[in-house]
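K.L.:
The structure that follows is given in the form of structure tokens.
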Amino acid sequence: GKRQLIVWTGESVASLNPATGETYWREPMVTSNNDAIPTPVVQKNRLLIGGLMMELNAGQPAASVLWPESRSVSERILSNTSTALLRGDHVFSAKSSGELVCLEAGTGKQVWEANNVTDLKNGASIHLTPSGEAISLFTVFLFPDRGDLILAELTPRGYREISRAHLLEPTSPFGGRKCAWTPPAYANRHVFARNDEELVCASLAAHATP
């Protein structure tokens with residue numbers, strides 16, 4: 001019955017009273033590089049921070065850890081750069097090594113893994129955004145670090161790629177290669193994506209086939 005402001009820093013995730021700043025609860029949450037980039041995701045009484053799933057108490061401002069049991073950085077972080085998508089009883093998320101995974105939201109158990117979205121290299125990212133004009137309930141735009149825009153269907157049964165277009169070149173140097181890490185923005189049936197050199201606007205309007 002109380003509003004909570006969820007704040008994730010490089011050392012912990014905390015719930016604050018948005019009016020006074022009072023701390024309701026705090027859970028240690030240290031990242032591998034002191035990065036806290038993915039946005040916390042909430043659905044009903046579930047709160048996902050990186051790769052840490054918490055259950056919010058319905059009667060008071062408190063929370064408990066659902067998974068993982070381990071507090072190690074490698075277990076609590078799915079991706080250092082990409083926000084996961086929480087839909088019903090499943091979590092869809094990139095991993096920092098390039099895989100796209102589907103997990104059971106209640107247990108964290110992996111349902112499937114897709115290895116063909118981007119390169120399987122450290123520092124990979126895949127930004128997930130539900131399609132506004134969905135072909136189905138599970139249609140999602142994916143923007144991996146290659147600079148591609150992918151339309152795909154994500155369901156508990158698996159990953160089905162519908163189409164892919166290259167928007168821009170990756171320019172951010174990392175580990176001897178270059179990446180496109182900045183998440184795109186969507187508005188009025190257009191996508192806006194940028195690297196360190198340019199901003200690109202591309203139409204998402206469907207074109208009739210001849």
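A note on labels: chains of the structure tokens are A, B, ... as shown, every chain counts residues from 1, and ligands are counted from 1 in their shown order.
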Write out as number ranges by chain the residues lying within 10 Å of Thr107 (chain A), counting only C-alpha atoms and excluding same-chain residues fewer than 6 positions away.

P.N.:
A: 53, 66-68, 89-90

K.L.:
With only C-alpha atoms as the counted atoms, please give the residues lying no more than 12 Å from Gly176 (chain A), apart from itself and same-chain residues fewer than 5 positions off, as a PyMOL selection string.

P.N.:
chain A and resi 121-123+171

K.L.:
Please dump the current selection as a PDB file, in the first residue's frame; keep C-alpha atoms.

P.N.:
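The resulting out-v2.pdb:
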ATOM      1  CA  LYS A 121      31.752 -12.346 -27.452  1.00  0.00           C
ATOM      2  CA  ASN A 122      32.206 -10.595 -24.110  1.00  0.00           C
ATOM      3  CA  GLY A 123      30.577  -7.168 -24.043  1.00  0.00           C
ATOM      4  CA  THR A 171      31.945   2.403 -33.366  1.00  0.00           C
TER       5      THR A 171
END

K.L.:
Which residues, written as a PyMOL selection string, have at least one atom at most 12 Å from Tyr186 (chain A), with only C-alpha atoms counted and residues fewer than 5 positions away on the same chain left out?

P.N.:
chain A and resi 128-133+141-143+149+191-193+200-204

K.L.:
Using only C-alpha atoms, which of the listed residues (A:Arg160, A:Lys95, A:Arg26, A:Arg189) sits closest to Ile6 (chain A)?

P.N.:
A:Arg26

K.L.:
Excluding same-chain residues fewer than 4 positions from region 109-114 of chain A, what lies within 12 Å of it counting only C-alpha atoms, as a VMD selection string?

P.N.:
chain A and resid 51 53 66 to 68 78 89 to 95 97 to 105 118 to 120 126 152 154 to 161

K.L.:
Could you pull out the strand (DSSP E) residues of region 104-200 of chain A from DSSP and send them as a PyMOL selection string?

P.N.:
chain A and resi 104+110-114+126-130+139-144+148-155+158-166+172-174+177-179+185-187+190-194+199-200

K.L.:
Output N, CA and C atoms for every residue in that selection, as a tab-separated table (two decimals), in the first residue's frame.

P.N.:
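Saved result, out.tsv, follows:
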chain	number	residue	atom	x	y	z
A	104	GLU	N	12.46	-19.13	-16.69
A	104	GLU	CA	11.24	-19.14	-15.90
A	104	GLU	C	11.31	-18.01	-14.88
A	110	GLN	N	16.58	-21.93	-16.93
A	110	GLN	CA	16.65	-21.59	-18.35
A	110	GLN	C	15.75	-22.51	-19.16
A	111	VAL	N	14.94	-21.90	-20.05
A	111	VAL	CA	14.03	-22.63	-20.92
A	111	VAL	C	14.68	-22.88	-22.27
A	112	TRP	N	15.28	-21.84	-22.86
A	112	TRP	CA	16.00	-22.00	-24.12
A	112	TRP	C	17.07	-20.94	-24.26
A	113	GLU	N	17.94	-21.13	-25.26
A	113	GLU	CA	19.03	-20.21	-25.55
A	113	GLU	C	19.18	-20.09	-27.05
A	114	ALA	N	19.31	-18.84	-27.54
A	114	ALA	CA	19.53	-18.58	-28.97
A	114	ALA	C	20.92	-17.97	-29.14
A	126	ILE	N	22.00	-6.85	-26.38
A	126	ILE	CA	20.80	-6.99	-27.21
A	126	ILE	C	19.69	-6.23	-26.51
A	127	HIS	N	19.28	-5.11	-27.07
A	127	HIS	CA	18.20	-4.31	-26.47
A	127	HIS	C	16.86	-4.81	-26.98
A	128	LEU	N	15.94	-5.09	-26.07
A	128	LEU	CA	14.64	-5.65	-26.39
A	128	LEU	C	13.53	-4.62	-26.21
A	129	THR	N	12.67	-4.46	-27.21
A	129	THR	CA	11.56	-3.51	-27.14
A	129	THR	C	10.33	-4.15	-27.77
A	130	PRO	N	9.23	-4.30	-27.01
A	130	PRO	CA	8.01	-4.87	-27.60
A	130	PRO	C	7.54	-4.04	-28.80
A	139	THR	N	5.83	-10.36	-30.35
A	139	THR	CA	6.70	-9.75	-31.34
A	139	THR	C	7.52	-8.63	-30.70
A	140	VAL	N	8.84	-8.67	-30.92
A	140	VAL	CA	9.77	-7.78	-30.23
A	140	VAL	C	10.80	-7.26	-31.23
A	141	PHE	N	11.20	-5.99	-31.06
A	141	PHE	CA	12.34	-5.45	-31.78
A	141	PHE	C	13.60	-5.72	-30.96
A	142	LEU	N	14.65	-6.19	-31.62
A	142	LEU	CA	15.93	-6.43	-30.97
A	142	LEU	C	16.99	-5.59	-31.66
A	143	PHE	N	17.82	-4.92	-30.87
A	143	PHE	CA	18.93	-4.13	-31.41
A	143	PHE	C	20.21	-4.65	-30.78
A	144	PRO	N	20.95	-5.53	-31.47
A	144	PRO	CA	22.20	-6.06	-30.93
A	144	PRO	C	23.37	-5.12	-31.20
A	148	ASP	N	22.34	-3.90	-35.94
A	148	ASP	CA	21.20	-4.38	-36.70
A	148	ASP	C	19.90	-4.09	-35.96
A	149	LEU	N	18.81	-4.04	-36.69
A	149	LEU	CA	17.48	-4.02	-36.09
A	149	LEU	C	16.77	-5.30	-36.52
A	150	ILE	N	16.31	-6.06	-35.55
A	150	ILE	CA	15.70	-7.36	-35.80
A	150	ILE	C	14.25	-7.34	-35.32
A	151	LEU	N	13.36	-7.85	-36.13
A	151	LEU	CA	11.99	-8.11	-35.70
A	151	LEU	C	11.88	-9.61	-35.49
A	152	ALA	N	11.51	-10.02	-34.28
A	152	ALA	CA	11.46	-11.45	-33.97
A	152	ALA	C	10.30	-11.75	-33.05
A	153	GLU	N	9.95	-13.00	-33.00
A	153	GLU	CA	8.91	-13.47	-32.09
A	153	GLU	C	9.58	-14.24	-30.96
A	154	LEU	N	9.36	-13.80	-29.73
A	154	LEU	CA	9.93	-14.46	-28.55
A	154	LEU	C	8.78	-15.10	-27.78
A	155	THR	N	8.81	-16.40	-27.66
A	155	THR	CA	7.82	-17.13	-26.91
A	155	THR	C	8.53	-18.14	-26.02
A	158	GLY	N	10.55	-20.64	-28.07
A	158	GLY	CA	11.80	-20.37	-28.73
A	158	GLY	C	11.86	-19.00	-29.39
A	159	TYR	N	12.95	-18.77	-30.14
A	159	TYR	CA	13.22	-17.52	-30.85
A	159	TYR	C	12.97	-17.73	-32.33
A	160	ARG	N	12.14	-16.86	-32.94
A	160	ARG	CA	11.87	-16.94	-34.38
A	160	ARG	C	12.11	-15.57	-35.00
A	161	GLU	N	13.18	-15.48	-35.79
A	161	GLU	CA	13.51	-14.21	-36.43
A	161	GLU	C	12.62	-14.00	-37.65
A	162	ILE	N	12.01	-12.81	-37.74
A	162	ILE	CA	11.11	-12.47	-38.84
A	162	ILE	C	11.85	-11.68	-39.91
A	163	SER	N	12.61	-10.68	-39.51
A	163	SER	CA	13.38	-9.88	-40.47
A	163	SER	C	14.52	-9.19	-39.75
A	164	ARG	N	15.52	-8.73	-40.55
A	164	ARG	CA	16.69	-8.06	-39.98
A	164	ARG	C	17.19	-7.02	-40.98
A	165	ALA	N	17.56	-5.83	-40.47
A	165	ALA	CA	18.12	-4.77	-41.31
A	165	ALA	C	19.30	-4.15	-40.57
A	166	HIS	N	20.34	-3.78	-41.30
A	166	HIS	CA	21.51	-3.14	-40.71
A	166	HIS	C	21.30	-1.63	-40.69
A	172	SER	N	31.94	1.89	-30.96
A	172	SER	CA	32.52	1.94	-29.61
A	172	SER	C	33.55	0.83	-29.44
A	173	PRO	N	34.83	1.16	-29.19
A	173	PRO	CA	35.86	0.12	-29.09
A	173	PRO	C	35.74	-0.67	-27.79
A	174	PHE	N	35.89	-2.00	-27.91
A	174	PHE	CA	35.87	-2.87	-26.74
A	174	PHE	C	36.51	-4.21	-27.11
A	177	ARG	N	37.43	-5.01	-30.74
A	177	ARG	CA	36.39	-4.90	-31.75
A	177	ARG	C	35.57	-3.65	-31.47
A	178	LYS	N	34.54	-3.41	-32.26
A	178	LYS	CA	33.70	-2.23	-32.06
A	178	LYS	C	32.25	-2.66	-31.88
A	179	CYS	N	31.53	-1.92	-31.02
A	179	CYS	CA	30.16	-2.27	-30.67
A	179	CYS	C	29.23	-1.07	-30.81
A	185	ALA	N	15.61	4.44	-29.87
A	185	ALA	CA	14.33	4.99	-29.43
A	185	ALA	C	13.31	4.80	-30.56
A	186	TYR	N	12.04	4.67	-30.17
A	186	TYR	CA	10.98	4.42	-31.15
A	186	TYR	C	9.88	5.45	-30.99
A	187	ALA	N	9.40	5.99	-32.11
A	187	ALA	CA	8.30	6.96	-32.07
A	187	ALA	C	7.68	7.08	-33.45
A	190	HIS	N	8.82	4.96	-36.37
A	190	HIS	CA	10.21	5.15	-36.77
A	190	HIS	C	11.12	4.68	-35.65
A	191	VAL	N	12.35	4.31	-36.00
A	191	VAL	CA	13.37	3.97	-35.02
A	191	VAL	C	14.52	4.96	-35.17
A	192	PHE	N	15.05	5.40	-34.04
A	192	PHE	CA	16.18	6.33	-34.01
A	192	PHE	C	17.34	5.62	-33.33
A	193	ALA	N	18.45	5.49	-34.02
A	193	ALA	CA	19.62	4.80	-33.49
A	193	ALA	C	20.86	5.64	-33.74
A	194	ARG	N	21.82	5.54	-32.83
A	194	ARG	CA	23.03	6.33	-33.00
A	194	ARG	C	24.27	5.53	-32.62
A	199	LEU	N	23.52	9.87	-36.21
A	199	LEU	CA	22.19	9.51	-35.76
A	199	LEU	C	21.38	9.10	-36.98
A	200	VAL	N	20.73	7.94	-36.90
A	200	VAL	CA	19.99	7.39	-38.03
A	200	VAL	C	18.52	7.28	-37.67

K.L.:
Name the closest residue to Trp181 (chain A) among the candidates A:Glu197, A:Glu27, A:Glu11, A:Asp145; distances are taken between atoms, counting only C-alpha atoms.

P.N.:
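The closest residue to Trp181 (chain A) is A:Asp145.
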
K.L.:
Any idea what's packed within 8 Å of Asp35 (chain A), counting only C-alpha atoms, ignoring anything in its chain fewer than 3 positions away? Could you give it as a PyMOL selection string?

P.N.:
chain A and resi 9-10+31-32+80

K.L.:
Neighbours of Tyr24 (chain A) within 7 Å (only C-alpha atoms; same-chain residues fewer than 2 positions away dropped), as a PyMOL selection string?

P.N.:
chain A and resi 15-17+22+61-62

K.L.:
Print the selection's residues with all heavy atoms to a file, as a short mmCIF file (atom, residue, chain, number, x, y, z; two decimals), in the first residue's frame.

P.N.:
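To be explicit, this is the file written out as out_35.cif:
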data_model
loop_
_atom_site.label_atom_id
_atom_site.label_comp_id
_atom_site.auth_asym_id
_atom_site.auth_seq_id
_atom_site.Cartn_x
_atom_site.Cartn_y
_atom_site.Cartn_z
N SER A 15 15.02 0.30 -1.92
CA SER A 15 13.67 0.85 -2.04
C SER A 15 13.59 2.06 -1.13
O SER A 15 13.89 1.98 0.07
CB SER A 15 12.64 -0.20 -1.62
OG SER A 15 11.38 0.41 -1.43
N LEU A 16 13.19 3.20 -1.69
CA LEU A 16 13.13 4.44 -0.94
C LEU A 16 11.70 4.99 -0.92
O LEU A 16 10.91 4.75 -1.85
CB LEU A 16 14.04 5.50 -1.57
CG LEU A 16 15.49 5.12 -1.84
CD1 LEU A 16 16.22 6.31 -2.48
CD2 LEU A 16 16.20 4.68 -0.58
N ASN A 17 11.40 5.71 0.12
CA ASN A 17 10.18 6.51 0.16
C ASN A 17 10.40 7.68 -0.79
O ASN A 17 11.29 8.51 -0.56
CB ASN A 17 9.92 7.01 1.58
CG ASN A 17 8.64 7.81 1.70
OD1 ASN A 17 8.27 8.56 0.80
ND2 ASN A 17 7.98 7.71 2.84
N GLU A 22 13.54 8.12 2.75
CA GLU A 22 13.72 7.06 3.75
C GLU A 22 13.94 5.71 3.06
O GLU A 22 13.27 5.38 2.09
CB GLU A 22 12.49 6.98 4.66
CG GLU A 22 12.48 5.78 5.60
CD GLU A 22 11.12 5.55 6.22
OE1 GLU A 22 10.19 6.33 5.95
OE2 GLU A 22 10.98 4.55 6.98
N PRO A 61 6.31 -2.39 2.61
CA PRO A 61 7.46 -2.15 1.74
C PRO A 61 8.65 -3.02 2.13
O PRO A 61 9.51 -2.62 2.91
CB PRO A 61 7.75 -0.65 1.92
CG PRO A 61 7.21 -0.32 3.27
CD PRO A 61 6.03 -1.22 3.48
N ALA A 62 8.65 -4.25 1.64
CA ALA A 62 9.71 -5.21 1.91
C ALA A 62 9.85 -6.11 0.70
O ALA A 62 8.96 -6.16 -0.16
CB ALA A 62 9.39 -6.03 3.17
#
